[in-house]
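Data file: entry-v7.pdb. Format and content: PDB, C-alpha atoms, pLDDT in the B column.
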```
ATOM      1  CA  MET V   5     -60.319  -2.471 -49.939  1.00 42.00           C
ATOM      2  CA  LYS V   6     -64.083  -2.698 -50.072  1.00 42.00           C
ATOM      3  CA  LYS V   7     -66.108  -3.629 -47.000  1.00 42.00           C
ATOM      4  CA  ILE V   8     -68.299  -6.713 -46.922  1.00 43.00           C
ATOM      5  CA  SER V   9     -71.973  -5.892 -46.470  1.00 44.00           C
ATOM      6  CA  THR V  10     -74.780  -7.653 -44.638  1.00 43.00           C
ATOM      7  CA  LEU V  11     -76.353  -8.407 -48.017  1.00 43.00           C
ATOM      8  CA  LYS V  12     -73.135 -10.033 -49.148  1.00 47.00           C
ATOM      9  CA  LEU V  13     -73.058 -12.221 -46.049  1.00 47.00           C
ATOM     10  CA  ILE V  14     -76.626 -13.311 -46.706  1.00 45.00           C
ATOM     11  CA  ALA V  15     -75.688 -14.093 -50.293  1.00 46.00           C
ATOM     12  CA  LEU V  16     -72.704 -16.108 -49.078  1.00 49.00           C
ATOM     13  CA  ALA V  17     -74.929 -18.076 -46.728  1.00 47.00           C
ATOM     14  CA  ALA V  18     -77.332 -18.766 -49.576  1.00 46.00           C
ATOM     15  CA  VAL V  19     -74.572 -19.932 -51.933  1.00 45.00           C
ATOM     16  CA  LEU V  20     -73.048 -22.175 -49.287  1.00 45.00           C
ATOM     17  CA  SER V  21     -76.355 -23.677 -48.218  1.00 44.00           C
ATOM     18  CA  CYS V  22     -77.288 -24.487 -51.815  1.00 45.00           C
ATOM     19  CA  GLY V  23     -74.073 -26.263 -52.681  1.00 43.00           C
ATOM     20  CA  GLY V  24     -72.880 -27.331 -49.269  1.00 42.00           C
ATOM     21  CA  LYS V  25     -69.342 -26.230 -50.227  1.00 41.00           C
ATOM     22  CA  ALA V  26     -67.700 -23.242 -51.874  1.00 43.00           C
ATOM     23  CA  TRP V  27     -64.294 -22.405 -53.290  1.00 43.00           C
ATOM     24  CA  ALA V  28     -62.530 -19.157 -52.406  1.00 43.00           C
ATOM     25  CA  ALA V  29     -62.341 -18.235 -56.073  1.00 43.00           C
ATOM     26  CA  ASP V  30     -66.112 -18.408 -56.388  1.00 44.00           C
ATOM     27  CA  PHE V  31     -66.854 -15.758 -53.807  1.00 44.00           C
ATOM     28  CA  ASP V  32     -64.805 -12.620 -53.133  1.00 46.00           C
ATOM     29  CA  LEU V  33     -64.004 -12.448 -49.427  1.00 46.00           C
ATOM     30  CA  SER V  34     -61.094 -10.027 -49.848  1.00 48.00           C
ATOM     31  CA  GLY V  35     -62.899  -7.326 -47.929  1.00 50.00           C
ATOM     32  CA  LEU V  36     -63.741  -9.479 -44.922  1.00 48.00           C
ATOM     33  CA  ASN V  37     -62.614  -8.136 -41.583  1.00 51.00           C
ATOM     34  CA  ALA V  38     -63.611  -8.571 -37.950  1.00 49.00           C
ATOM     35  CA  ALA V  39     -65.281  -5.158 -37.618  1.00 49.00           C
ATOM     36  CA  ASP V  40     -67.564  -5.822 -40.577  1.00 46.00           C
ATOM     37  CA  ILE V  41     -68.547  -9.224 -39.252  1.00 43.00           C
ATOM     38  CA  ARG V  42     -69.278  -7.974 -35.751  1.00 44.00           C
ATOM     39  CA  SER V  43     -71.363  -5.076 -37.046  1.00 46.00           C
ATOM     40  CA  SER V  44     -73.359  -7.417 -39.256  1.00 43.00           C
ATOM     41  CA  GLN V  45     -74.152  -9.832 -36.443  1.00 44.00           C
ATOM     42  CA  ALA V  46     -76.911  -7.488 -35.295  1.00 43.00           C
ATOM     43  CA  ASP V  47     -78.710  -8.372 -38.529  1.00 44.00           C
ATOM     44  CA  ILE V  48     -77.657 -12.017 -38.881  1.00 42.00           C
ATOM     45  CA  LYS V  49     -78.312 -13.866 -35.639  1.00 43.00           C
ATOM     46  CA  VAL V  50     -78.074 -17.629 -35.792  1.00 42.00           C
ATOM     47  CA  PRO V  51     -77.618 -18.919 -32.236  1.00 45.00           C
ATOM     48  CA  ALA V  52     -74.998 -21.667 -32.259  1.00 44.00           C
ATOM     49  CA  ALA V  53     -76.887 -23.618 -29.592  1.00 48.00           C
ATOM     50  CA  GLN V  54     -79.852 -24.072 -31.929  1.00 51.00           C
ATOM     51  CA  MET V  55     -77.789 -25.462 -34.799  1.00 54.00           C
ATOM     52  CA  GLU V  56     -77.643 -29.227 -35.241  1.00 60.00           C
ATOM     53  CA  ALA V  57     -74.402 -30.781 -36.490  1.00 56.00           C
ATOM     54  CA  ASP V  58     -75.905 -31.600 -39.887  1.00 61.00           C
ATOM     55  CA  GLU V  59     -77.286 -28.052 -40.246  1.00 66.00           C
ATOM     56  CA  VAL V  60     -73.915 -26.305 -40.112  1.00 70.00           C
ATOM     57  CA  ILE V  61     -72.659 -25.193 -43.530  1.00 77.00           C
ATOM     58  CA  GLY V  62     -69.543 -27.010 -44.728  1.00 81.00           C
ATOM     59  CA  VAL V  63     -66.572 -25.217 -46.251  1.00 82.00           C
ATOM     60  CA  ASP V  64     -63.827 -26.732 -48.433  1.00 88.00           C
ATOM     61  CA  LEU V  65     -61.077 -24.290 -49.460  1.00 85.00           C
ATOM     62  CA  SER V  66     -57.728 -24.488 -51.212  1.00 89.00           C
ATOM     63  CA  ILE V  67     -55.598 -21.488 -50.280  1.00 87.00           C
ATOM     64  CA  ARG V  68     -52.507 -20.702 -52.348  1.00 91.00           C
ATOM     65  CA  VAL V  69     -49.699 -18.807 -50.608  1.00 90.00           C
ATOM     66  CA  PRO V  70     -47.025 -17.646 -53.106  1.00 93.00           C
ATOM     67  CA  PHE V  71     -43.389 -17.671 -51.993  1.00 93.00           C
ATOM     68  CA  LYS V  72     -43.336 -13.920 -52.665  1.00 92.00           C
ATOM     69  CA  ILE V  73     -45.936 -13.474 -49.902  1.00 89.00           C
ATOM     70  CA  LEU V  74     -43.740 -15.485 -47.546  1.00 89.00           C
ATOM     71  CA  LYS V  75     -40.818 -13.233 -48.415  1.00 91.00           C
ATOM     72  CA  LYS V  76     -42.938 -10.196 -47.517  1.00 88.00           C
ATOM     73  CA  ALA V  77     -43.719 -11.851 -44.196  1.00 86.00           C
ATOM     74  CA  VAL V  78     -39.994 -12.339 -43.547  1.00 89.00           C
ATOM     75  CA  THR V  79     -39.430  -8.687 -44.479  1.00 89.00           C
ATOM     76  CA  MET V  80     -42.053  -7.659 -41.910  1.00 84.00           C
ATOM     77  CA  ALA V  81     -40.427  -9.910 -39.333  1.00 84.00           C
ATOM     78  CA  ALA V  82     -37.028  -8.359 -40.059  1.00 86.00           C
ATOM     79  CA  ALA V  83     -38.530  -4.915 -39.512  1.00 82.00           C
ATOM     80  CA  SER V  84     -39.899  -6.040 -36.132  1.00 76.00           C
ATOM     81  CA  GLU V  85     -36.834  -7.921 -34.913  1.00 78.00           C
ATOM     82  CA  LYS V  86     -33.364  -6.515 -35.618  1.00 82.00           C
ATOM     83  CA  CYS V  87     -31.865  -9.974 -35.058  1.00 87.00           C
ATOM     84  CA  LEU V  88     -33.159 -11.022 -38.491  1.00 90.00           C
ATOM     85  CA  THR V  89     -32.221  -9.387 -41.818  1.00 92.00           C
ATOM     86  CA  ILE V  90     -32.561 -10.200 -45.525  1.00 94.00           C
ATOM     87  CA  ILE V  91     -29.211 -10.209 -47.346  1.00 94.00           C
ATOM     88  CA  ASP V  92     -30.349  -9.436 -50.912  1.00 95.00           C
ATOM     89  CA  PRO V  93     -33.783  -7.744 -51.190  1.00 92.00           C
ATOM     90  CA  ALA V  94     -34.045  -8.832 -54.836  1.00 94.00           C
ATOM     91  CA  ALA V  95     -33.401 -12.542 -54.207  1.00 95.00           C
ATOM     92  CA  PRO V  96     -35.907 -15.136 -52.927  1.00 94.00           C
ATOM     93  CA  VAL V  97     -35.982 -16.241 -49.301  1.00 94.00           C
ATOM     94  CA  VAL V  98     -38.216 -19.344 -49.615  1.00 94.00           C
ATOM     95  CA  SER V  99     -38.081 -21.645 -52.638  1.00 95.00           C
ATOM     96  CA  LYS V 100     -38.732 -25.235 -53.730  1.00 95.00           C
ATOM     97  CA  SER V 101     -35.744 -27.564 -53.938  1.00 93.00           C
ATOM     98  CA  GLY V 102     -36.837 -30.927 -55.301  1.00 92.00           C
ATOM     99  CA  GLU V 103     -39.156 -32.498 -52.728  1.00 93.00           C
ATOM    100  CA  PHE V 104     -38.056 -30.013 -50.074  1.00 95.00           C
ATOM    101  CA  LEU V 105     -38.362 -26.330 -49.236  1.00 95.00           C
ATOM    102  CA  LYS V 106     -35.273 -24.151 -48.943  1.00 95.00           C
ATOM    103  CA  ILE V 107     -34.793 -21.038 -46.815  1.00 94.00           C
ATOM    104  CA  SER V 108     -31.777 -18.859 -47.589  1.00 94.00           C
ATOM    105  CA  ASN V 109     -30.765 -15.222 -48.115  1.00 95.00           C
ATOM    106  CA  ILE V 110     -31.143 -14.319 -44.435  1.00 93.00           C
ATOM    107  CA  THR V 111     -28.805 -13.313 -41.625  1.00 92.00           C
ATOM    108  CA  VAL V 112     -29.595 -14.173 -38.013  1.00 90.00           C
ATOM    109  CA  ASP V 113     -27.954 -12.703 -34.930  1.00 88.00           C
ATOM    110  CA  ALA V 114     -27.967 -15.713 -32.599  1.00 81.00           C
ATOM    111  CA  ASN V 115     -26.847 -14.224 -29.293  1.00 79.00           C
ATOM    112  CA  GLY V 116     -23.948 -12.361 -30.863  1.00 81.00           C
ATOM    113  CA  ILE V 117     -23.014 -14.976 -33.463  1.00 83.00           C
ATOM    114  CA  ILE V 118     -23.896 -13.670 -36.939  1.00 87.00           C
ATOM    115  CA  VAL V 119     -25.213 -16.634 -38.919  1.00 87.00           C
ATOM    116  CA  GLN V 120     -26.160 -16.979 -42.582  1.00 90.00           C
ATOM    117  CA  PRO V 121     -28.009 -20.324 -42.727  1.00 89.00           C
ATOM    118  CA  THR V 122     -29.292 -22.223 -45.733  1.00 92.00           C
ATOM    119  CA  LEU V 123     -31.950 -24.650 -44.515  1.00 93.00           C
ATOM    120  CA  THR V 124     -33.397 -27.586 -46.431  1.00 94.00           C
ATOM    121  CA  LEU V 125     -36.802 -28.359 -44.915  1.00 95.00           C
ATOM    122  CA  LYS V 126     -39.358 -31.150 -45.145  1.00 95.00           C
ATOM    123  CA  PRO V 127     -42.827 -29.840 -44.169  1.00 94.00           C
ATOM    124  CA  PHE V 128     -45.617 -32.314 -43.477  1.00 94.00           C
ATOM    125  CA  LEU V 129     -48.982 -32.479 -41.754  1.00 93.00           C
ATOM    126  CA  GLU V 130     -48.835 -34.402 -38.464  1.00 93.00           C
ATOM    127  CA  GLY V 131     -52.583 -34.172 -37.909  1.00 92.00           C
ATOM    128  CA  ARG V 132     -55.515 -31.800 -38.127  1.00 91.00           C
ATOM    129  CA  ASP V 133     -54.286 -28.234 -37.515  1.00 92.00           C
ATOM    130  CA  LYS V 134     -50.742 -29.523 -36.858  1.00 94.00           C
ATOM    131  CA  LEU V 135     -47.964 -28.687 -39.329  1.00 94.00           C
ATOM    132  CA  ALA V 136     -44.409 -29.925 -38.763  1.00 96.00           C
ATOM    133  CA  ILE V 137     -41.256 -28.687 -40.506  1.00 95.00           C
ATOM    134  CA  ARG V 138     -38.226 -30.946 -40.144  1.00 95.00           C
ATOM    135  CA  ILE V 139     -34.738 -29.663 -40.907  1.00 93.00           C
ATOM    136  CA  GLN V 140     -33.152 -32.144 -43.317  1.00 92.00           C
ATOM    137  CA  LYS V 141     -29.929 -30.281 -43.986  1.00 89.00           C
ATOM    138  CA  ILE V 142     -28.215 -27.133 -42.798  1.00 86.00           C
ATOM    139  CA  GLN V 143     -25.378 -25.161 -44.337  1.00 85.00           C
ATOM    140  CA  VAL V 144     -24.062 -22.444 -42.066  1.00 78.00           C
ATOM    141  CA  HIS V 145     -21.687 -19.561 -42.496  1.00 76.00           C
ATOM    142  CA  ALA V 146     -20.906 -17.888 -39.181  1.00 69.00           C
ATOM    143  CA  SER V 147     -18.861 -14.700 -38.973  1.00 64.00           C
ATOM    144  CA  MET V 148     -16.937 -16.206 -36.054  1.00 50.00           C
ATOM    145  CA  ALA V 149     -16.160 -19.461 -37.911  1.00 38.00           C
ATOM    146  CA  PRO V 150     -13.043 -18.931 -40.089  1.00 37.00           C
ATOM    147  CA  ASP V 151     -12.699 -22.632 -40.902  1.00 40.00           C
ATOM    148  CA  ALA V 152     -14.723 -23.412 -44.064  1.00 39.00           C
ATOM    149  CA  ALA V 153     -14.990 -27.040 -42.915  1.00 40.00           C
ATOM    150  CA  SER V 154     -17.428 -25.907 -40.257  1.00 40.00           C
ATOM    151  CA  SER V 155     -20.079 -25.442 -42.947  1.00 40.00           C
ATOM    152  CA  GLY V 156     -21.917 -28.282 -44.622  1.00 42.00           C
ATOM    153  CA  ALA V 157     -24.626 -30.861 -44.161  1.00 41.00           C
ATOM    154  CA  ARG V 158     -26.111 -31.234 -40.704  1.00 41.00           C
ATOM    155  CA  THR V 159     -24.484 -33.719 -38.388  1.00 38.00           C
ATOM    156  CA  THR V 160     -26.074 -33.727 -34.946  1.00 37.00           C
ATOM    157  CA  GLY V 161     -23.577 -32.556 -32.364  1.00 36.00           C
ATOM    158  CA  SER V 162     -20.802 -31.648 -34.825  1.00 38.00           C
ATOM    159  CA  PRO V 163     -19.028 -28.497 -33.608  1.00 36.00           C
ATOM    160  CA  ILE V 164     -19.069 -25.090 -35.280  1.00 39.00           C
ATOM    161  CA  ARG V 165     -15.876 -23.141 -34.588  1.00 39.00           C
ATOM    162  CA  ALA V 166     -17.557 -20.252 -32.824  1.00 39.00           C
ATOM    163  CA  ASP V 167     -18.317 -19.287 -29.270  1.00 40.00           C
ATOM    164  CA  ALA V 168     -20.689 -16.998 -27.406  1.00 39.00           C
ATOM    165  CA  GLY V 169     -17.940 -15.135 -25.609  1.00 41.00           C
ATOM    166  CA  ASN V 170     -17.234 -17.755 -22.937  1.00 42.00           C
ATOM    167  CA  GLY V 171     -14.651 -19.717 -24.884  1.00 44.00           C
ATOM    168  CA  GLN V 172     -16.877 -22.781 -25.312  1.00 46.00           C
ATOM    169  CA  ALA V 173     -17.618 -24.117 -28.779  1.00 49.00           C
ATOM    170  CA  ILE V 174     -21.240 -24.156 -29.946  1.00 57.00           C
ATOM    171  CA  ASN V 175     -22.383 -27.184 -31.915  1.00 74.00           C
ATOM    172  CA  GLN V 176     -24.842 -27.082 -34.810  1.00 79.00           C
ATOM    173  CA  GLU V 177     -27.705 -28.365 -32.670  1.00 85.00           C
ATOM    174  CA  GLN V 178     -27.302 -25.530 -30.181  1.00 84.00           C
ATOM    175  CA  LEU V 179     -26.809 -22.934 -32.882  1.00 84.00           C
ATOM    176  CA  MET V 180     -29.874 -24.102 -34.820  1.00 88.00           C
ATOM    177  CA  ALA V 181     -31.989 -23.861 -31.657  1.00 89.00           C
ATOM    178  CA  GLN V 182     -30.843 -20.246 -31.244  1.00 87.00           C
ATOM    179  CA  VAL V 183     -31.616 -19.466 -34.906  1.00 89.00           C
ATOM    180  CA  MET V 184     -35.103 -20.975 -34.620  1.00 91.00           C
ATOM    181  CA  ASP V 185     -35.722 -19.019 -31.417  1.00 91.00           C
ATOM    182  CA  VAL V 186     -35.004 -15.780 -33.305  1.00 88.00           C
ATOM    183  CA  MET V 187     -37.225 -16.819 -36.224  1.00 87.00           C
ATOM    184  CA  ILE V 188     -40.139 -17.792 -33.940  1.00 91.00           C
ATOM    185  CA  LYS V 189     -39.946 -14.489 -32.059  1.00 88.00           C
ATOM    186  CA  SER V 190     -39.746 -12.627 -35.381  1.00 86.00           C
ATOM    187  CA  ALA V 191     -42.819 -14.460 -36.708  1.00 87.00           C
ATOM    188  CA  TYR V 192     -44.840 -13.585 -33.606  1.00 88.00           C
ATOM    189  CA  SER V 193     -43.725  -9.936 -33.717  1.00 86.00           C
ATOM    190  CA  ALA V 194     -44.632  -9.532 -37.398  1.00 83.00           C
ATOM    191  CA  LEU V 195     -48.026 -11.208 -36.975  1.00 84.00           C
ATOM    192  CA  ASN V 196     -48.858  -9.163 -33.874  1.00 86.00           C
ATOM    193  CA  ALA V 197     -47.924  -5.945 -35.687  1.00 84.00           C
ATOM    194  CA  LYS V 198     -50.389  -6.799 -38.460  1.00 81.00           C
ATOM    195  CA  LEU V 199     -53.131  -7.939 -36.083  1.00 83.00           C
ATOM    196  CA  LYS V 200     -52.795  -4.778 -33.994  1.00 86.00           C
ATOM    197  CA  VAL V 201     -53.986  -2.788 -37.009  1.00 84.00           C
ATOM    198  CA  GLU V 202     -56.591  -5.138 -38.485  1.00 80.00           C
ATOM    199  CA  HIS V 203     -57.810  -7.244 -35.524  1.00 80.00           C
ATOM    200  CA  PRO V 204     -56.656  -5.611 -32.260  1.00 85.00           C
ATOM    201  CA  MET V 205     -58.571  -8.095 -30.089  1.00 84.00           C
ATOM    202  CA  ILE V 206     -56.598 -11.058 -31.498  1.00 85.00           C
ATOM    203  CA  LYS V 207     -53.004 -11.967 -30.638  1.00 87.00           C
ATOM    204  CA  ALA V 208     -50.586 -14.066 -32.663  1.00 87.00           C
ATOM    205  CA  GLU V 209     -50.555 -16.681 -29.913  1.00 88.00           C
ATOM    206  CA  ASP V 210     -54.360 -17.009 -30.336  1.00 87.00           C
ATOM    207  CA  ILE V 211     -53.870 -18.079 -33.948  1.00 86.00           C
ATOM    208  CA  LEU V 212     -50.922 -20.445 -33.775  1.00 88.00           C
ATOM    209  CA  THR V 213     -48.379 -21.962 -31.425  1.00 93.00           C
ATOM    210  CA  LEU V 214     -44.797 -22.390 -32.632  1.00 94.00           C
ATOM    211  CA  LYS V 215     -42.433 -24.788 -30.844  1.00 95.00           C
ATOM    212  CA  TYR V 216     -39.017 -26.050 -31.913  1.00 95.00           C
ATOM    213  CA  ASP V 217     -37.843 -29.504 -30.816  1.00 95.00           C
ATOM    214  CA  LYS V 218     -34.050 -29.406 -30.721  1.00 92.00           C
ATOM    215  CA  ALA V 219     -33.686 -33.187 -30.416  1.00 91.00           C
ATOM    216  CA  SER V 220     -35.624 -33.981 -33.613  1.00 92.00           C
ATOM    217  CA  TRP V 221     -34.703 -30.763 -35.487  1.00 93.00           C
ATOM    218  CA  THR V 222     -38.419 -30.109 -36.021  1.00 95.00           C
ATOM    219  CA  LEU V 223     -40.482 -26.916 -35.823  1.00 95.00           C
ATOM    220  CA  ARG V 224     -44.125 -27.595 -34.992  1.00 96.00           C
ATOM    221  CA  ALA V 225     -46.965 -25.167 -35.717  1.00 94.00           C
ATOM    222  CA  THR V 226     -50.421 -25.751 -34.242  1.00 94.00           C
ATOM    223  CA  PHE V 227     -53.248 -23.639 -35.655  1.00 89.00           C
ATOM    224  CA  SER V 228     -56.314 -22.642 -33.658  1.00 85.00           C
ATOM    225  CA  SER V 229     -59.746 -22.877 -35.262  1.00 76.00           C
ATOM    226  CA  LYS V 230     -61.310 -20.995 -32.334  1.00 71.00           C
ATOM    227  CA  VAL V 231     -60.051 -17.623 -33.529  1.00 67.00           C
ATOM    228  CA  LEU V 232     -62.225 -17.876 -36.629  1.00 60.00           C
ATOM    229  CA  ARG V 233     -65.296 -17.575 -34.406  1.00 61.00           C
ATOM    230  CA  GLU V 234     -64.324 -13.907 -34.067  1.00 62.00           C
ATOM    231  CA  LEU V 235     -64.545 -13.483 -37.836  1.00 61.00           C
ATOM    232  CA  VAL V 236     -67.585 -15.569 -38.789  1.00 63.00           C
ATOM    233  CA  PRO V 237     -71.145 -15.088 -37.434  1.00 62.00           C
ATOM    234  CA  ALA V 238     -72.002 -17.703 -34.808  1.00 62.00           C
ATOM    235  CA  GLY V 239     -73.651 -20.774 -36.283  1.00 67.00           C
ATOM    236  CA  LEU V 240     -73.135 -19.793 -39.936  1.00 72.00           C
ATOM    237  CA  VAL V 241     -70.370 -22.324 -40.617  1.00 75.00           C
ATOM    238  CA  GLY V 242     -68.608 -24.966 -38.567  1.00 76.00           C
ATOM    239  CA  ASP V 243     -65.084 -24.615 -37.177  1.00 79.00           C
ATOM    240  CA  LEU V 244     -62.454 -24.444 -39.908  1.00 82.00           C
ATOM    241  CA  HIS V 245     -59.367 -26.670 -39.700  1.00 87.00           C
ATOM    242  CA  LEU V 246     -56.103 -27.136 -41.582  1.00 90.00           C
ATOM    243  CA  THR V 247     -56.437 -30.593 -43.160  1.00 92.00           C
ATOM    244  CA  GLY V 248     -53.893 -30.637 -45.973  1.00 92.00           C
ATOM    245  CA  PHE V 249     -50.574 -29.138 -47.046  1.00 91.00           C
ATOM    246  CA  THR V 250     -48.585 -29.294 -50.285  1.00 94.00           C
ATOM    247  CA  PHE V 251     -46.246 -26.999 -52.226  1.00 94.00           C
ATOM    248  CA  ASN V 252     -45.116 -26.435 -55.795  1.00 94.00           C
ATOM    249  CA  ASP V 253     -42.641 -24.250 -57.700  1.00 94.00           C
ATOM    250  CA  THR V 254     -44.492 -21.024 -56.869  1.00 94.00           C
ATOM    251  CA  GLY V 255     -45.750 -21.449 -53.322  1.00 93.00           C
ATOM    252  CA  LEU V 256     -47.675 -23.352 -50.679  1.00 93.00           C
ATOM    253  CA  VAL V 257     -51.171 -24.837 -50.964  1.00 92.00           C
ATOM    254  CA  LEU V 258     -53.208 -25.186 -47.771  1.00 90.00           C
ATOM    255  CA  LYS V 259     -56.425 -27.179 -47.549  1.00 91.00           C
ATOM    256  CA  ILE V 260     -58.952 -25.708 -45.109  1.00 88.00           C
ATOM    257  CA  GLN V 261     -62.147 -27.591 -44.233  1.00 88.00           C
ATOM    258  CA  THR V 262     -64.903 -27.708 -41.677  1.00 83.00           C
ATOM    259  CA  ALA V 263     -65.182 -30.873 -39.601  1.00 74.00           C
ATOM    260  CA  GLU V 264     -67.205 -33.614 -41.265  1.00 64.00           C
TER     261      GLU V 264
END
```
Rewrite the structure of this file - the entire thing - as structure tokens.
Amino acid sequence: MKKISTLKLIALAAVLSCGGKAWAADFDLSGLNAADIRSSQADIKVPAAQMEADEVIGVDLSIRVPFKILKKAVTMAAASEKCLTIIDPAAPVVSKSGEFLKISNITVDANGIIVQPTLTLKPFLEGRDKLAIRIQKIQVHASMAPDAASSGARTTGSPIRADAGNGQAINQEQLMAQVMDVMIKSAYSALNAKLKVEHPMIKAEDILTLKYDKASWTLRATFSSKVLRELVPAGLVGDLHLTGFTFNDTGLVLKIQTAE
């Protein structure tokens, strides 16, 4: 992958300042990395303290994330955490199901209970930089649940015929919390493994915070705009924020903008 040069950064600044906004497709940033940016800051010095609010360059981006990329991320997570595996490497993991997203084709070891969940999810933006994913429906096959009636649509508090070795039944709410705990840990492990190679000074927790609310069956992700200051020369552009989220048959579409 080619490195971004100081000249290219200057050209980017010129393009942005002329139009005020730029689309990702109009300017190739595929080679951008933290080392290149830091090394170029010796040549491009724009002190943030001297920049007025209306002098900061605005950015308006639409970022497409194909479902195949998400599957690769799950594959990386499975390699980092043995509690998560993909059942069929040739089949999709994330897909569109009507107005919802569906996650399937995975096995989760939830404290000794081997679970194969199919989750129907409703993702939505709760606010700037805040993405929520609510579980609308859950179908579960657990290796310790011989009764087929234990699978089906989510009913809060309905029991799954399985136990964690202490003879007490685990209900779907408890089991889902354990599954989400594994998936959150796997996501952090995979992201940290990638950052360790490309951006060793940045940790997964610096980029986003993942929290699951068992009572509302909702996973909340909060993104940090501060981490981008490590990748963009000070004062060149304003802080970038997640301001929109949609999805289609092929993947997710994220809207990234600077503050108005």
Item to check | Result set, the PyMOL selection byres ((chain V and resi 251) around 12) on current file, as a list in words | outcome: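 Answer for the PyMOL selection byres ((chain V and resi 251) around 12): Ser66, Ile67, Arg68, Val69, Pro70, Phe71, Val98, Ser99, Lys100, Ser101, Gly102, Glu103, Phe104, Leu105, Lys106, Lys126, Pro127, Phe128, Gly248, Phe249, Thr250, Asn252, Asp253, Thr254, Gly255, Leu256, Val257, Leu258 and Lys259 of chain V.
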Next on the checklist: Selection in question (the file shown): the PyMOL selection byres ((chain V and resi 135) around 10). Which residues does it include, as a VMD selection string?
Outcome noted: chain V and resid 127 to 134 136 to 137 214 223 to 227 246 to 249
Taking C-alpha atoms for each residue, export the selection above as a tab-separated table (two decimals), in the frame of the given file.
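Listed below is the output, part-v5.tsv:
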```
chain	number	residue	atom	x	y	z
V	127	PRO	CA	-42.83	-29.84	-44.17
V	128	PHE	CA	-45.62	-32.31	-43.48
V	129	LEU	CA	-48.98	-32.48	-41.75
V	130	GLU	CA	-48.84	-34.40	-38.46
V	131	GLY	CA	-52.58	-34.17	-37.91
V	132	ARG	CA	-55.52	-31.80	-38.13
V	133	ASP	CA	-54.29	-28.23	-37.52
V	134	LYS	CA	-50.74	-29.52	-36.86
V	136	ALA	CA	-44.41	-29.92	-38.76
V	137	ILE	CA	-41.26	-28.69	-40.51
V	214	LEU	CA	-44.80	-22.39	-32.63
V	223	LEU	CA	-40.48	-26.92	-35.82
V	224	ARG	CA	-44.12	-27.60	-34.99
V	225	ALA	CA	-46.96	-25.17	-35.72
V	226	THR	CA	-50.42	-25.75	-34.24
V	227	PHE	CA	-53.25	-23.64	-35.66
V	246	LEU	CA	-56.10	-27.14	-41.58
V	247	THR	CA	-56.44	-30.59	-43.16
V	248	GLY	CA	-53.89	-30.64	-45.97
V	249	PHE	CA	-50.57	-29.14	-47.05
```
Item to check | Separation of CA of Ser193 (chain V) from CA of Leu212 (chain V), in Å and rounded to one decimal | outcome: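 These two atoms are separated by 12.7 Å.
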Next on the checklist: Just the number, please: distance in Å from CA of Ala208 (chain V) to CA of Gly116 (chain V), one decimal.
Outcome noted: 26.8 Å
Checklist entry - Smallest atom-to-atom distance to Trp221 (chain V): which of V:Ile188, V:Val144, V:Ala194, V:Arg138, using all atoms listed in the file? => result V:Arg138
Checklist entry - What is the CA of Met80 (chain V) to CA of Asn109 (chain V) distance in Å? => result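 Separating CA of Met80 (chain V) from CA of Asn109 (chain V) is a distance of 14.9 Å.
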Checklist entry - From the set V:Met205, V:Ala81, V:Ala95, V:Ile260, which residue has the shortest atom-to-atom contact distance to Val186 (chain V), counting all atoms listed in the file? => result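 Nearest candidate to Val186 (chain V) out of V:Met205, V:Ala81, V:Ala95, V:Ile260: V:Ala81.
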Item to check | Top pick for closest residue to Lys75 (chain V), considering V:Leu123, V:Ala114, V:Ala191, V:Leu240 and counting all atoms listed in the file | outcome: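 Closest to Lys75 (chain V), using all atoms listed in the file: V:Ala191.
Of the residues listed (V:Glu202, V:Asp217, V:Ile211, V:Ile110), V:Ile110 shows the shortest atom-to-atom separation from Ala82 (chain V); distances use only C-alpha atoms.
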Next on the checklist: Translate the PyMOL selection byres ((chain V and resi 122) around 10) into a concrete residue list for this structure, as a PyMOL selection string.
Outcome noted: chain V and resi 97+106-111+119-121+123-125+141-145+156-157
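For the residues V:Ile117, V:Ile91, V:Val78, V:Leu244, ranking by smallest atom-to-atom distance to Tyr192 (chain V) using all atoms listed in the file places V:Val78 first.
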Checklist entry - Of the candidates V:His203, V:His245, V:Lys218, V:Lys189, which one gets nearest to Leu88 (chain V) if we count all atoms listed in the file? => result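 Closest residue, counting all atoms listed in the file: V:Lys189.
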Next on the checklist: What's around Ala181 (chain V) at 8 Å? Count all atoms listed in the file, leave out sequence neighbours fewer than 3 positions away in its own chain, and write the answer as number ranges by chain.
Outcome noted: V: 177-178, 184-185, 216, 218
Could those residues be written to a file, using C-alpha atoms, as an mmCIF file, in the coordinates of the input?
```
data_model
loop_
_atom_site.group_PDB
_atom_site.id
_atom_site.type_symbol
_atom_site.label_atom_id
_atom_site.label_comp_id
_atom_site.auth_asym_id
_atom_site.auth_seq_id
_atom_site.Cartn_x
_atom_site.Cartn_y
_atom_site.Cartn_z
ATOM 1 C CA GLU V 177 -27.705 -28.365 -32.670
ATOM 2 C CA GLN V 178 -27.302 -25.530 -30.181
ATOM 3 C CA MET V 184 -35.103 -20.975 -34.620
ATOM 4 C CA ASP V 185 -35.722 -19.019 -31.417
ATOM 5 C CA TYR V 216 -39.017 -26.050 -31.913
ATOM 6 C CA LYS V 218 -34.050 -29.406 -30.721
#
```
